[in-house]
$ cat query35.cif   # mmCIF, C-alpha atoms and all ligand atoms
data_start
loop_
_atom_site.group_PDB
_atom_site.id
_atom_site.type_symbol
_atom_site.label_atom_id
_atom_site.label_comp_id
_atom_site.auth_asym_id
_atom_site.auth_seq_id
_atom_site.Cartn_x
_atom_site.Cartn_y
_atom_site.Cartn_z
ATOM 1 C CA MET A 1 -33.752 7.078 -68.317
ATOM 2 C CA LYS A 2 -36.989 6.999 -66.304
ATOM 3 C CA GLU A 3 -36.212 3.450 -65.177
ATOM 4 C CA LEU A 4 -32.781 4.476 -63.928
ATOM 5 C CA LEU A 5 -34.267 6.091 -60.888
ATOM 6 C CA SER A 6 -37.983 6.163 -60.240
ATOM 7 C CA THR A 7 -39.526 9.235 -58.652
ATOM 8 C CA ASP A 8 -42.580 7.263 -57.486
ATOM 9 C CA ASN A 9 -41.397 7.562 -53.887
ATOM 10 C CA ALA A 10 -41.548 11.330 -54.068
ATOM 11 C CA ILE A 11 -45.013 11.683 -52.597
ATOM 12 C CA LEU A 12 -46.859 14.860 -51.788
ATOM 13 C CA GLN A 13 -47.351 14.411 -48.074
ATOM 14 C CA PRO A 14 -50.029 16.386 -46.238
ATOM 15 C CA LEU A 15 -48.961 17.660 -42.830
ATOM 16 C CA LYS A 16 -51.907 17.959 -40.505
ATOM 17 C CA ILE A 17 -51.251 20.059 -37.443
ATOM 18 C CA ASP A 18 -53.829 21.779 -35.219
ATOM 19 C CA PHE A 19 -52.334 25.244 -35.438
ATOM 20 C CA LEU A 20 -52.321 24.995 -39.233
ATOM 21 C CA SER A 21 -56.022 24.092 -39.348
ATOM 22 C CA GLU A 22 -56.803 26.967 -37.000
ATOM 23 C CA ARG A 23 -55.154 29.317 -39.468
ATOM 24 C CA GLY A 24 -56.778 27.631 -42.459
ATOM 25 C CA VAL A 25 -53.356 26.722 -43.818
ATOM 26 C CA GLN A 26 -53.122 23.483 -45.795
ATOM 27 C CA LEU A 27 -49.526 22.282 -45.908
ATOM 28 C CA PHE A 28 -48.079 19.599 -48.177
ATOM 29 C CA ILE A 29 -44.493 18.435 -48.399
ATOM 30 C CA GLN A 30 -43.156 17.304 -51.750
ATOM 31 C CA ARG A 31 -40.852 14.532 -50.531
ATOM 32 C CA ASP A 32 -38.158 14.550 -53.204
ATOM 33 C CA ASP A 33 -35.800 13.480 -50.426
ATOM 34 C CA LEU A 34 -37.366 10.021 -50.742
ATOM 35 C CA ILE A 35 -36.229 9.541 -54.352
ATOM 36 C CA ASP A 36 -32.921 8.056 -53.198
ATOM 37 C CA GLN A 37 -30.611 8.336 -50.192
ATOM 38 C CA GLU A 38 -27.650 9.437 -52.257
ATOM 39 C CA VAL A 39 -29.127 10.926 -55.407
ATOM 40 C CA SER A 40 -31.072 13.256 -53.236
ATOM 41 C CA GLY A 41 -34.061 15.225 -54.336
ATOM 42 C CA ASN A 42 -33.568 17.983 -56.799
ATOM 43 C CA LYS A 43 -30.155 16.681 -57.832
ATOM 44 C CA TRP A 44 -31.751 13.759 -59.649
ATOM 45 C CA ARG A 45 -34.251 16.113 -61.297
ATOM 46 C CA LYS A 46 -31.326 18.209 -62.547
ATOM 47 C CA LEU A 47 -29.207 15.279 -63.724
ATOM 48 C CA LYS A 48 -31.903 13.357 -65.552
ATOM 49 C CA TYR A 49 -31.984 15.240 -68.864
ATOM 50 C CA ASN A 50 -28.264 15.916 -68.718
ATOM 51 C CA LEU A 51 -27.727 12.141 -68.706
ATOM 52 C CA VAL A 52 -30.230 11.688 -71.523
ATOM 53 C CA LYS A 53 -28.422 14.276 -73.636
ATOM 54 C CA MET A 54 -25.046 12.803 -72.772
ATOM 55 C CA LEU A 55 -26.073 9.313 -73.889
ATOM 56 C CA GLU A 56 -27.662 10.698 -77.046
ATOM 57 C CA ALA A 57 -24.393 12.455 -77.812
ATOM 58 C CA LYS A 58 -22.615 9.102 -77.305
ATOM 59 C CA CYS A 59 -20.363 10.543 -74.613
ATOM 60 C CA ASP A 60 -19.031 8.111 -72.030
ATOM 61 C CA THR A 61 -17.720 10.321 -69.233
ATOM 62 C CA LEU A 62 -19.608 12.944 -67.274
ATOM 63 C CA ILE A 63 -17.454 15.703 -65.789
ATOM 64 C CA THR A 64 -18.797 18.006 -63.125
ATOM 65 C CA PHE A 65 -17.760 20.284 -60.258
ATOM 66 C CA GLY A 66 -18.411 20.656 -56.557
ATOM 67 C CA GLY A 67 -17.229 21.553 -53.078
ATOM 68 C CA ALA A 68 -16.120 19.194 -50.324
ATOM 69 C CA TYR A 69 -19.631 18.317 -49.082
ATOM 70 C CA SER A 70 -21.439 18.669 -52.388
ATOM 71 C CA ASN A 71 -24.809 16.917 -52.660
ATOM 72 C CA HIS A 72 -24.423 17.319 -56.407
ATOM 73 C CA LEU A 73 -21.112 15.430 -56.583
ATOM 74 C CA LEU A 74 -22.475 12.458 -54.678
ATOM 75 C CA ALA A 75 -25.725 12.464 -56.658
ATOM 76 C CA THR A 76 -23.725 12.528 -59.883
ATOM 77 C CA ALA A 77 -21.461 9.708 -58.748
ATOM 78 C CA LYS A 78 -24.448 7.530 -57.877
ATOM 79 C CA ALA A 79 -26.483 8.403 -60.990
ATOM 80 C CA CYS A 80 -23.491 7.642 -63.228
ATOM 81 C CA GLN A 81 -22.946 4.350 -61.440
ATOM 82 C CA LEU A 82 -26.601 3.448 -62.089
ATOM 83 C CA ALA A 83 -26.362 4.580 -65.711
ATOM 84 C CA GLY A 84 -23.103 2.701 -66.225
ATOM 85 C CA VAL A 85 -21.107 5.723 -67.362
ATOM 86 C CA LYS A 86 -17.805 7.051 -66.094
ATOM 87 C CA CYS A 87 -17.596 10.284 -64.164
ATOM 88 C CA ILE A 88 -15.019 12.765 -62.995
ATOM 89 C CA GLY A 89 -15.608 15.189 -60.138
ATOM 90 C CA ILE A 90 -13.532 18.327 -60.024
ATOM 91 C CA VAL A 91 -13.361 19.331 -56.380
ATOM 92 C CA ARG A 92 -12.678 22.768 -54.923
ATOM 93 C CA GLY A 93 -9.616 22.553 -52.641
ATOM 94 C CA ASP A 94 -6.285 20.943 -53.480
ATOM 95 C CA GLU A 95 -5.692 20.243 -49.787
ATOM 96 C CA LEU A 96 -8.505 17.687 -49.880
ATOM 97 C CA SER A 97 -8.365 13.991 -50.699
ATOM 98 C CA SER A 98 -10.881 11.187 -51.037
ATOM 99 C CA ASP A 99 -10.286 10.484 -47.331
ATOM 100 C CA SER A 100 -11.201 14.016 -46.258
ATOM 101 C CA ASN A 101 -14.844 13.308 -45.498
ATOM 102 C CA LEU A 102 -17.723 10.879 -45.972
ATOM 103 C CA THR A 103 -19.120 12.629 -49.062
ATOM 104 C CA LEU A 104 -15.851 12.451 -50.966
ATOM 105 C CA SER A 105 -14.941 8.941 -49.843
ATOM 106 C CA ARG A 106 -18.372 7.684 -50.908
ATOM 107 C CA CYS A 107 -18.039 9.425 -54.308
ATOM 108 C CA ALA A 108 -14.694 7.695 -54.832
ATOM 109 C CA ALA A 109 -15.985 4.343 -53.581
ATOM 110 C CA ILE A 110 -18.790 4.240 -56.139
ATOM 111 C CA GLY A 111 -16.532 5.083 -59.022
ATOM 112 C CA MET A 112 -16.165 8.831 -59.357
ATOM 113 C CA LYS A 113 -12.658 9.901 -60.233
ATOM 114 C CA LEU A 114 -11.866 12.894 -58.054
ATOM 115 C CA LYS A 115 -9.603 15.687 -59.183
ATOM 116 C CA PHE A 116 -8.672 18.190 -56.499
ATOM 117 C CA VAL A 117 -7.876 21.679 -57.722
ATOM 118 C CA THR A 118 -6.913 24.971 -56.108
ATOM 119 C CA ARG A 119 -9.634 27.510 -55.432
ATOM 120 C CA GLU A 120 -8.079 29.629 -58.138
ATOM 121 C CA ALA A 121 -8.347 26.887 -60.761
ATOM 122 C CA TYR A 122 -11.843 26.064 -59.547
ATOM 123 C CA SER A 123 -12.963 29.638 -60.107
ATOM 124 C CA LEU A 124 -12.383 29.112 -63.835
ATOM 125 C CA ARG A 125 -14.976 26.316 -64.029
ATOM 126 C CA ASN A 126 -17.462 28.318 -66.094
ATOM 127 C CA GLU A 127 -14.889 29.865 -68.456
ATOM 128 C CA LYS A 128 -15.094 28.678 -72.042
ATOM 129 C CA ILE A 129 -11.332 28.189 -72.446
ATOM 130 C CA TYR A 130 -11.131 26.048 -69.332
ATOM 131 C CA LYS A 131 -14.102 23.928 -70.394
ATOM 132 C CA ASP A 132 -12.717 23.451 -73.905
ATOM 133 C CA GLU A 133 -9.417 22.292 -72.426
ATOM 134 C CA LEU A 134 -11.208 19.818 -70.192
ATOM 135 C CA VAL A 135 -13.136 18.280 -73.055
ATOM 136 C CA GLN A 136 -9.959 18.084 -75.135
ATOM 137 C CA ALA A 137 -8.102 16.361 -72.309
ATOM 138 C CA HIS A 138 -10.988 13.903 -71.882
ATOM 139 C CA PRO A 139 -12.369 12.904 -75.279
ATOM 140 C CA GLY A 140 -15.970 11.692 -75.100
ATOM 141 C CA SER A 141 -16.740 13.743 -72.049
ATOM 142 C CA PHE A 142 -19.898 15.702 -71.272
ATOM 143 C CA LEU A 143 -19.750 18.685 -68.930
ATOM 144 C CA VAL A 144 -22.388 19.507 -66.349
ATOM 145 C CA PRO A 145 -21.951 22.735 -64.389
ATOM 146 C CA GLU A 146 -21.661 22.874 -60.603
ATOM 147 C CA GLY A 147 -24.976 22.057 -58.950
ATOM 148 C CA GLY A 148 -26.460 20.815 -62.248
ATOM 149 C CA ALA A 149 -27.245 24.453 -62.977
ATOM 150 C CA ASN A 150 -28.125 24.506 -66.656
ATOM 151 C CA TYR A 151 -31.129 24.548 -68.966
ATOM 152 C CA LEU A 152 -31.554 20.760 -68.866
ATOM 153 C CA GLY A 153 -31.371 20.849 -65.080
ATOM 154 C CA MET A 154 -34.090 23.459 -64.984
ATOM 155 C CA ILE A 155 -36.323 21.460 -67.332
ATOM 156 C CA GLY A 156 -35.945 18.425 -65.066
ATOM 157 C CA CYS A 157 -37.107 20.523 -62.107
ATOM 158 C CA GLN A 158 -40.168 21.615 -64.041
ATOM 159 C CA GLU A 159 -41.435 18.068 -63.437
ATOM 160 C CA ILE A 160 -41.325 18.239 -59.641
ATOM 161 C CA LEU A 161 -44.984 19.169 -59.193
ATOM 162 C CA VAL A 162 -46.478 18.088 -62.539
ATOM 163 C CA ASN A 163 -48.346 15.132 -61.115
ATOM 164 C CA SER A 164 -49.711 16.895 -58.074
ATOM 165 C CA ASN A 165 -53.410 17.361 -58.523
ATOM 166 C CA ILE A 166 -53.941 19.932 -55.818
ATOM 167 C CA ASP A 167 -54.484 23.577 -56.633
ATOM 168 C CA TYR A 168 -51.728 24.957 -54.439
ATOM 169 C CA THR A 169 -51.405 28.713 -54.012
ATOM 170 C CA ASP A 170 -47.885 28.964 -52.574
ATOM 171 C CA VAL A 171 -44.641 27.031 -52.998
ATOM 172 C CA PHE A 172 -41.558 27.216 -50.750
ATOM 173 C CA VAL A 173 -38.125 26.175 -51.992
ATOM 174 C CA ALA A 174 -34.470 26.619 -50.992
ATOM 175 C CA GLN A 175 -32.113 28.286 -53.449
ATOM 176 C CA GLY A 176 -28.479 27.554 -54.205
ATOM 177 C CA THR A 177 -28.044 28.159 -57.922
ATOM 178 C CA SER A 178 -31.770 28.929 -58.561
ATOM 179 C CA THR A 179 -32.100 26.100 -61.065
ATOM 180 C CA THR A 180 -34.765 24.315 -59.036
ATOM 181 C CA SER A 181 -36.818 27.434 -58.374
ATOM 182 C CA CYS A 182 -36.657 28.463 -62.045
ATOM 183 C CA GLY A 183 -37.847 25.012 -63.117
ATOM 184 C CA LEU A 184 -40.736 25.108 -60.646
ATOM 185 C CA LEU A 185 -41.727 28.536 -61.879
ATOM 186 C CA LEU A 186 -42.071 27.109 -65.374
ATOM 187 C CA GLY A 187 -44.633 24.602 -64.104
ATOM 188 C CA GLU A 188 -48.249 25.217 -64.960
ATOM 189 C CA SER A 189 -49.464 27.116 -61.979
ATOM 190 C CA SER A 190 -50.292 30.654 -61.008
ATOM 191 C CA ALA A 191 -48.965 30.093 -57.493
ATOM 192 C CA THR A 192 -46.606 32.398 -55.618
ATOM 193 C CA TYR A 193 -43.076 30.978 -55.416
ATOM 194 C CA HIS A 194 -41.304 31.722 -52.145
ATOM 195 C CA VAL A 195 -37.578 31.331 -52.645
ATOM 196 C CA VAL A 196 -35.173 31.066 -49.732
ATOM 197 C CA PRO A 197 -31.525 31.653 -50.712
ATOM 198 C CA VAL A 198 -29.050 29.869 -48.420
ATOM 199 C CA LEU A 199 -26.177 32.140 -49.440
ATOM 200 C CA LYS A 200 -25.641 35.530 -47.865
ATOM 201 C CA GLY A 201 -26.078 38.475 -50.231
ATOM 202 C CA TYR A 202 -27.446 36.250 -52.995
ATOM 203 C CA ASP A 203 -29.240 38.136 -55.758
ATOM 204 C CA SER A 204 -32.176 35.750 -56.194
ATOM 205 C CA LEU A 205 -34.088 37.722 -58.810
ATOM 206 C CA GLY A 206 -30.935 38.555 -60.775
ATOM 207 C CA GLU A 207 -29.734 34.951 -60.794
ATOM 208 C CA MET A 208 -33.129 33.628 -61.841
ATOM 209 C CA ARG A 209 -33.344 36.200 -64.619
ATOM 210 C CA ARG A 210 -29.866 35.242 -65.793
ATOM 211 C CA LEU A 211 -30.734 31.537 -66.007
ATOM 212 C CA PHE A 212 -33.943 32.289 -67.928
ATOM 213 C CA LEU A 213 -32.096 34.638 -70.283
ATOM 214 C CA THR A 214 -29.303 32.177 -71.044
ATOM 215 C CA SER A 215 -32.021 29.576 -71.648
ATOM 216 C CA GLY A 216 -33.402 31.777 -74.425
ATOM 217 C CA PHE A 217 -36.627 33.071 -72.866
ATOM 218 C CA ASP A 218 -37.639 36.568 -73.878
ATOM 219 C CA ASP A 219 -37.711 39.566 -71.600
ATOM 220 C CA GLU A 220 -41.451 40.010 -71.470
ATOM 221 C CA PHE A 221 -42.041 36.356 -70.538
ATOM 222 C CA ILE A 222 -39.350 36.494 -67.866
ATOM 223 C CA ARG A 223 -40.781 39.681 -66.382
ATOM 224 C CA GLU A 224 -44.163 38.041 -66.157
ATOM 225 C CA LEU A 225 -42.756 34.912 -64.505
ATOM 226 C CA MET A 226 -40.834 36.970 -61.961
ATOM 227 C CA THR A 227 -43.961 38.726 -60.709
ATOM 228 C CA ARG A 228 -44.827 35.415 -59.001
ATOM 229 C CA VAL A 229 -41.560 35.218 -57.034
ATOM 230 C CA CYS A 230 -41.303 36.269 -53.408
ATOM 231 C CA VAL A 231 -37.752 36.363 -52.000
ATOM 232 C CA HIS A 232 -37.040 35.576 -48.345
ATOM 233 C CA ASP A 233 -33.366 36.463 -48.015
ATOM 234 C CA GLN A 234 -33.163 36.775 -44.242
ATOM 235 C CA TYR A 235 -32.853 33.053 -43.484
ATOM 236 C CA HIS A 236 -29.308 32.236 -44.610
ATOM 237 C CA PHE A 237 -28.030 31.996 -40.989
ATOM 238 C CA GLY A 238 -24.782 33.741 -41.893
ATOM 239 C CA GLY A 239 -24.224 32.187 -45.309
ATOM 240 C CA TYR A 240 -23.650 28.954 -47.155
ATOM 241 C CA GLY A 241 -22.913 26.037 -44.828
ATOM 242 C CA LYS A 242 -23.416 28.224 -41.735
ATOM 243 C CA TYR A 243 -25.886 27.321 -39.020
ATOM 244 C CA ASN A 244 -26.435 27.976 -35.337
ATOM 245 C CA ASP A 245 -28.033 26.355 -32.294
ATOM 246 C CA GLU A 246 -31.394 27.863 -33.101
ATOM 247 C CA LEU A 247 -31.476 26.211 -36.523
ATOM 248 C CA ILE A 248 -30.237 22.891 -35.142
ATOM 249 C CA SER A 249 -32.888 22.930 -32.392
ATOM 250 C CA PHE A 250 -35.553 23.792 -34.964
ATOM 251 C CA ILE A 251 -34.511 20.831 -37.127
ATOM 252 C CA GLN A 252 -34.588 18.539 -34.082
ATOM 253 C CA MET A 253 -38.025 19.849 -33.093
ATOM 254 C CA ILE A 254 -39.495 19.345 -36.581
ATOM 255 C CA TYR A 255 -38.177 15.798 -36.661
ATOM 256 C CA SER A 256 -39.360 14.817 -33.211
ATOM 257 C CA GLU A 257 -42.812 16.389 -33.667
ATOM 258 C CA TYR A 258 -43.572 15.616 -37.323
ATOM 259 C CA ALA A 259 -40.952 13.043 -38.446
ATOM 260 C CA ILE A 260 -39.698 15.287 -41.251
ATOM 261 C CA PRO A 261 -35.884 15.130 -41.541
ATOM 262 C CA LEU A 262 -34.302 18.430 -42.637
ATOM 263 C CA ASP A 263 -30.677 19.361 -43.261
ATOM 264 C CA PRO A 264 -28.979 22.506 -41.893
ATOM 265 C CA ILE A 265 -27.585 23.600 -45.276
ATOM 266 C CA TYR A 266 -30.738 23.908 -47.401
ATOM 267 C CA THR A 267 -34.076 22.486 -46.300
ATOM 268 C CA GLY A 268 -33.686 23.426 -42.620
ATOM 269 C CA LYS A 269 -33.368 27.065 -43.661
ATOM 270 C CA SER A 270 -36.240 27.014 -46.153
ATOM 271 C CA PHE A 271 -38.549 25.196 -43.734
ATOM 272 C CA TYR A 272 -37.617 27.706 -41.035
ATOM 273 C CA ALA A 273 -38.629 30.516 -43.406
ATOM 274 C CA LEU A 274 -41.924 28.746 -44.107
ATOM 275 C CA TRP A 275 -42.566 28.333 -40.355
ATOM 276 C CA LYS A 276 -41.967 32.051 -39.745
ATOM 277 C CA GLU A 277 -44.286 32.990 -42.595
ATOM 278 C CA ILE A 278 -47.025 30.692 -41.283
ATOM 279 C CA HIS A 279 -46.748 32.189 -37.812
ATOM 280 C CA SER A 280 -46.850 35.708 -39.231
ATOM 281 C CA GLY A 281 -50.340 34.969 -40.568
ATOM 282 C CA ARG A 282 -49.374 35.840 -44.130
ATOM 283 C CA LEU A 283 -50.215 32.313 -45.299
ATOM 284 C CA ASP A 284 -53.612 32.068 -43.588
ATOM 285 C CA GLY A 285 -56.119 30.359 -45.861
ATOM 286 C CA LYS A 286 -53.414 29.253 -48.321
ATOM 287 C CA LYS A 287 -52.607 25.869 -49.802
ATOM 288 C CA VAL A 288 -48.860 25.601 -49.448
ATOM 289 C CA VAL A 289 -46.358 23.122 -50.867
ATOM 290 C CA PHE A 290 -42.893 22.852 -49.340
ATOM 291 C CA ILE A 291 -40.359 21.301 -51.721
ATOM 292 C CA HIS A 292 -38.134 18.913 -49.767
ATOM 293 C CA THR A 293 -35.094 19.006 -52.019
ATOM 294 C CA GLY A 294 -33.191 16.313 -50.102
ATOM 295 C CA GLY A 295 -29.630 16.971 -48.966
ATOM 296 C CA LEU A 296 -29.704 14.470 -46.123
ATOM 297 C CA GLN A 297 -26.434 12.785 -47.081
ATOM 298 C CA VAL A 298 -24.510 15.435 -45.084
ATOM 299 C CA ILE A 299 -26.279 14.581 -41.828
ATOM 300 C CA PRO A 300 -23.644 12.124 -40.442
ATOM 301 C CA GLU A 301 -20.982 14.727 -41.173
ATOM 302 C CA ILE A 302 -22.925 17.472 -39.392
ATOM 303 C CA GLU A 303 -23.715 15.213 -36.434
ATOM 304 C CA SER A 304 -20.081 14.408 -35.873
ATOM 305 C CA LYS A 305 -19.248 18.115 -36.088
ATOM 306 C CA ILE A 306 -21.840 19.219 -33.524
ATOM 307 C CA GLY A 307 -21.430 16.113 -31.380
ATOM 308 C CA ARG A 308 -25.091 15.123 -31.171
ATOM 309 C CA ARG A 309 -27.809 13.337 -33.092
ATOM 310 C CA LEU A 310 -30.243 15.370 -35.174
ATOM 311 C CA PHE A 311 -32.958 12.789 -35.656
ATOM 312 C CA GLN A 312 -34.193 10.778 -32.700
HETATM 313 C C1 LIG A 401 -28.462 21.796 -54.357
HETATM 314 C C2 LIG A 401 -29.581 21.878 -53.389
HETATM 315 C C3 LIG A 401 -30.494 22.950 -53.378
HETATM 316 C C4 LIG A 401 -30.335 24.134 -54.283
HETATM 317 O O1 LIG A 401 -30.921 23.955 -55.529
HETATM 318 P P1 LIG A 401 -30.624 24.986 -56.713
HETATM 319 O O2 LIG A 401 -31.262 24.375 -57.878
HETATM 320 O O3 LIG A 401 -29.126 25.033 -56.859
HETATM 321 O O4 LIG A 401 -31.172 26.305 -56.343
HETATM 322 C C5 LIG A 401 -31.544 22.926 -52.477
HETATM 323 N N1 LIG A 401 -31.672 21.905 -51.611
HETATM 324 C C6 LIG A 401 -30.821 20.871 -51.563
HETATM 325 C C7 LIG A 401 -31.018 19.820 -50.574
HETATM 326 C C8 LIG A 401 -29.742 20.827 -52.452
HETATM 327 O O5 LIG A 401 -28.878 19.793 -52.386
#
$ encode --input "query35.cif" --output "structure tokens" --more "lines below"
Ligand SMILES: *Cc1c(COP(=O)(O)O)cnc(C)c1O
Amino acid sequence: MKELLSTDNAILQPLKIDFLSERGVQLFIQRDDLIDQEVSGNKWRKLKYNLVKMLEAKCDTLITFGGAYSNHLLATAKACQLAGVKCIGIVRGDELSSDSNLTLSRCAAIGMKLKFVTREAYSLRNEKIYKDELVQAHPGSFLVPEGGANYLGMIGCQEILVNSNIDYTDVFVAQGTSTTSCGLLLGESSATYHVVPVLKGYDSLGEMRRLFLTSGFDDEFIRELMTRVCVHDQYHFGGYGKYNDELISFIQMIYSEYAIPLDPIYTGKSFYALWKEIHSGRLDGKKVVFIHTGGLQVIPEIESKIGRRLFQ
């Protein structure tokens, strides 16, 4: 499976800026966005062991779930194409079609069979009865939850920083399902993990606890892990998929000054949180790693919505 998609491109890039040196902040960006244009960042980390398990189980069709602009759906479509297995994407919204947007049309073009369901049906995606029915209707299928949010996904994310040989003190990462942040937390480090949920009202600690519990970790171990988590829940910009001019201008500024492309759904928000924390002085003297989780496939969509280019 390692040869399917190499992570060699995912370098740890130092960002040298005068105001950082003045504060004694060392900043590195883990460029998981460079793994692949379509199988962006953390989505490959989360799919990797799911694909391994699926092939071991001799299944031939991966079934997963996602919304209209889902990075996970596109990553799954591309990874399955590379692995030579079939895949079905169950999409939230029966008003949609494969012509609705670039994400969905690309998924369809590279071989994902799209099934559009009502929001009501979609809400059943984690129910046992619904999942059993799906597997029965598609013999030889292997289910991966929305966002790749399962134990195997988490274990894949544990690898994100394993080869970094710097003794970082702080890590910043965006949160959707918490799978990535939980995996990072399992890495061998005593660093502080700054998590930035992109959903409004998201219970970061509760969701992380839940994923650890369902993965079989015991209470004491989980409690200990969670003491290293710092939640920044004031940077969701109104909720999932919401953004404003301030965030867009920030993303444009970061690109034009430092050539780091960010997206307005996940990494723009987490980088914004990091920037605020740096300027507050709370990271003075720290060695910080920002996890660039990817998500850049939505950029053309966003640009056509806001009517201007983000990266120039
Ligand atoms: C899916 C996604 C996330 C969220 O990761 P979780 O493991 O669901 O918390 C963060 N960044 C990007 C770019 C994503 O596509």
$ residues_near_ligand --input "query35.cif" --ligand "ligand LIG 401 (chain A)" --cutoff "9 Å" --atoms "all atoms listed in the file" --output "JSON, numbers by chain"
{"A": [33, 40, 41, 42, 43, 46, 70, 71, 72, 146, 147, 148, 149, 153, 154, 157, 173, 174, 175, 176, 177, 178, 179, 180, 181, 182, 183, 195, 197, 198, 262, 263, 265, 266, 267, 270, 291, 292, 293, 294, 295, 296]}
$ residues_around --input "query35.cif" --residues "segment 132-138 of chain A" --least-positions-apart "2" --cutoff "10 Å" --atoms "only C-alpha atoms" --output "PyMOL selection string"
chain A and resi 60-63+88+125+127-130+140-143
$ resolve_selection --input "query35.cif" --expression "the PyMOL selection byres (((chain A and resi 123) around 12) and not hetatm)" --output "PyMOL selection string"
chain A and resi 65-67+90-93+117-122+124-127+130-131+146
$ residues_around --input "query35.cif" --residues "Thr64 of chain A" --least-positions-apart "5" --cutoff "6 Å" --atoms "all atoms listed in the file" --output "count of residues only"
4
$ residues_around --input "query35.cif" --residues "segment 299-307 of chain A" --least-positions-apart "6" --cutoff "12 Å" --atoms "only C-alpha atoms" --output "ChimeraX atom specification"
/A:37-38,68-71,100-104,241-245,248-249,251-252,261-268
$ atom_distance --input "query35.cif" --atom1 "atom CA of Arg23 of chain A" --atom2 "atom CA of Lys287 of chain A"
11.2 Å
$ atom_distance --input "query35.cif" --atom1 "atom CA of Gln158 of chain A" --atom2 "atom CA of Val39 of chain A"
17.6 Å
$ atom_distance --input "query35.cif" --atom1 "atom CA of Gly238 of chain A" --atom2 "atom CA of Lys200 of chain A"
6.3 Å
$ resolve_selection --input "query35.cif" --expression "the PyMOL selection byres (((chain A and resi 168-172) around 8) and not hetatm)" --output "PyMOL selection string"
chain A and resi 166-167+173-174+190-196+270-271+274+286-291
$ write_last_selection --input "query35.cif" --atoms "C-alpha atoms" --output "CSV table (one decimal), in the coordinates of the input"
chain,number,residue,atom,x,y,z
A,166,ILE,CA,-53.9,19.9,-55.8
A,167,ASP,CA,-54.5,23.6,-56.6
A,173,VAL,CA,-38.1,26.2,-52.0
A,174,ALA,CA,-34.5,26.6,-51.0
A,190,SER,CA,-50.3,30.7,-61.0
A,191,ALA,CA,-49.0,30.1,-57.5
A,192,THR,CA,-46.6,32.4,-55.6
A,193,TYR,CA,-43.1,31.0,-55.4
A,194,HIS,CA,-41.3,31.7,-52.1
A,195,VAL,CA,-37.6,31.3,-52.6
A,196,VAL,CA,-35.2,31.1,-49.7
A,270,SER,CA,-36.2,27.0,-46.2
A,271,PHE,CA,-38.5,25.2,-43.7
A,274,LEU,CA,-41.9,28.7,-44.1
A,286,LYS,CA,-53.4,29.3,-48.3
A,287,LYS,CA,-52.6,25.9,-49.8
A,288,VAL,CA,-48.9,25.6,-49.4
A,289,VAL,CA,-46.4,23.1,-50.9
A,290,PHE,CA,-42.9,22.9,-49.3
A,291,ILE,CA,-40.4,21.3,-51.7
$ closest_residue --input "query35.cif" --among "A:Asp233, A:Glu246, A:Glu257, A:Asp8" --to "Ala273 of chain A" --atoms "only C-alpha atoms"
A:Asp233
$ residues_around --input "query35.cif" --residues "Asp36 of chain A" --least-positions-apart "5" --cutoff "9 Å" --atoms "all atoms listed in the file" --output "number ranges by chain"
A: 5-7, 9, 41, 44, 294
$ resolve_selection --input "query35.cif" --expression "the PyMOL selection byres (((chain A and resi 25) around 9) and not hetatm)" --output "PDB file with C-alpha atoms, keeping the file's coordinate frame"
ATOM      1  CA  PHE A  19     -52.334  25.244 -35.438  1.00  0.00           C
ATOM      2  CA  LEU A  20     -52.321  24.995 -39.233  1.00  0.00           C
ATOM      3  CA  SER A  21     -56.022  24.092 -39.348  1.00  0.00           C
ATOM      4  CA  GLU A  22     -56.803  26.967 -37.000  1.00  0.00           C
ATOM      5  CA  ARG A  23     -55.154  29.317 -39.468  1.00  0.00           C
ATOM      6  CA  GLY A  24     -56.778  27.631 -42.459  1.00  0.00           C
ATOM      7  CA  GLN A  26     -53.122  23.483 -45.795  1.00  0.00           C
ATOM      8  CA  LEU A  27     -49.526  22.282 -45.908  1.00  0.00           C
ATOM      9  CA  ILE A 278     -47.025  30.692 -41.283  1.00  0.00           C
ATOM     10  CA  LEU A 283     -50.215  32.313 -45.299  1.00  0.00           C
ATOM     11  CA  ASP A 284     -53.612  32.068 -43.588  1.00  0.00           C
ATOM     12  CA  GLY A 285     -56.119  30.359 -45.861  1.00  0.00           C
ATOM     13  CA  LYS A 286     -53.414  29.253 -48.321  1.00  0.00           C
ATOM     14  CA  LYS A 287     -52.607  25.869 -49.802  1.00  0.00           C
ATOM     15  CA  VAL A 288     -48.860  25.601 -49.448  1.00  0.00           C
TER      16      VAL A 288
END
$ axis_aligned_box --input "query35.cif" --around "segment 197-200 of chain A" --padding-each-side "8 Å" --output "AutoDock Vina command-line options"
--center_x -28.6 --center_y 32.7 --center_z -49.3 --size_x 21.9 --size_y 21.7 --size_z 18.8
$ closest_residue --input "query35.cif" --among "A:Ala77, A:Met54, A:Leu47, A:Leu161" --to "Arg106 of chain A" --atoms "all atoms listed in the file"
A:Ala77
$ closest_residue --input "query35.cif" --among "A:Gln81, A:Ser164, A:Ser105, A:Ser256" --to "Pro14 of chain A" --atoms "all atoms listed in the file"
A:Ser164
$ residues_around --input "query35.cif" --residues "Gly216 of chain A" --least-positions-apart "6" --cutoff "12 Å" --atoms "only C-alpha atoms" --output "PyMOL selection string"
chain A and resi 150-151+209-210+222
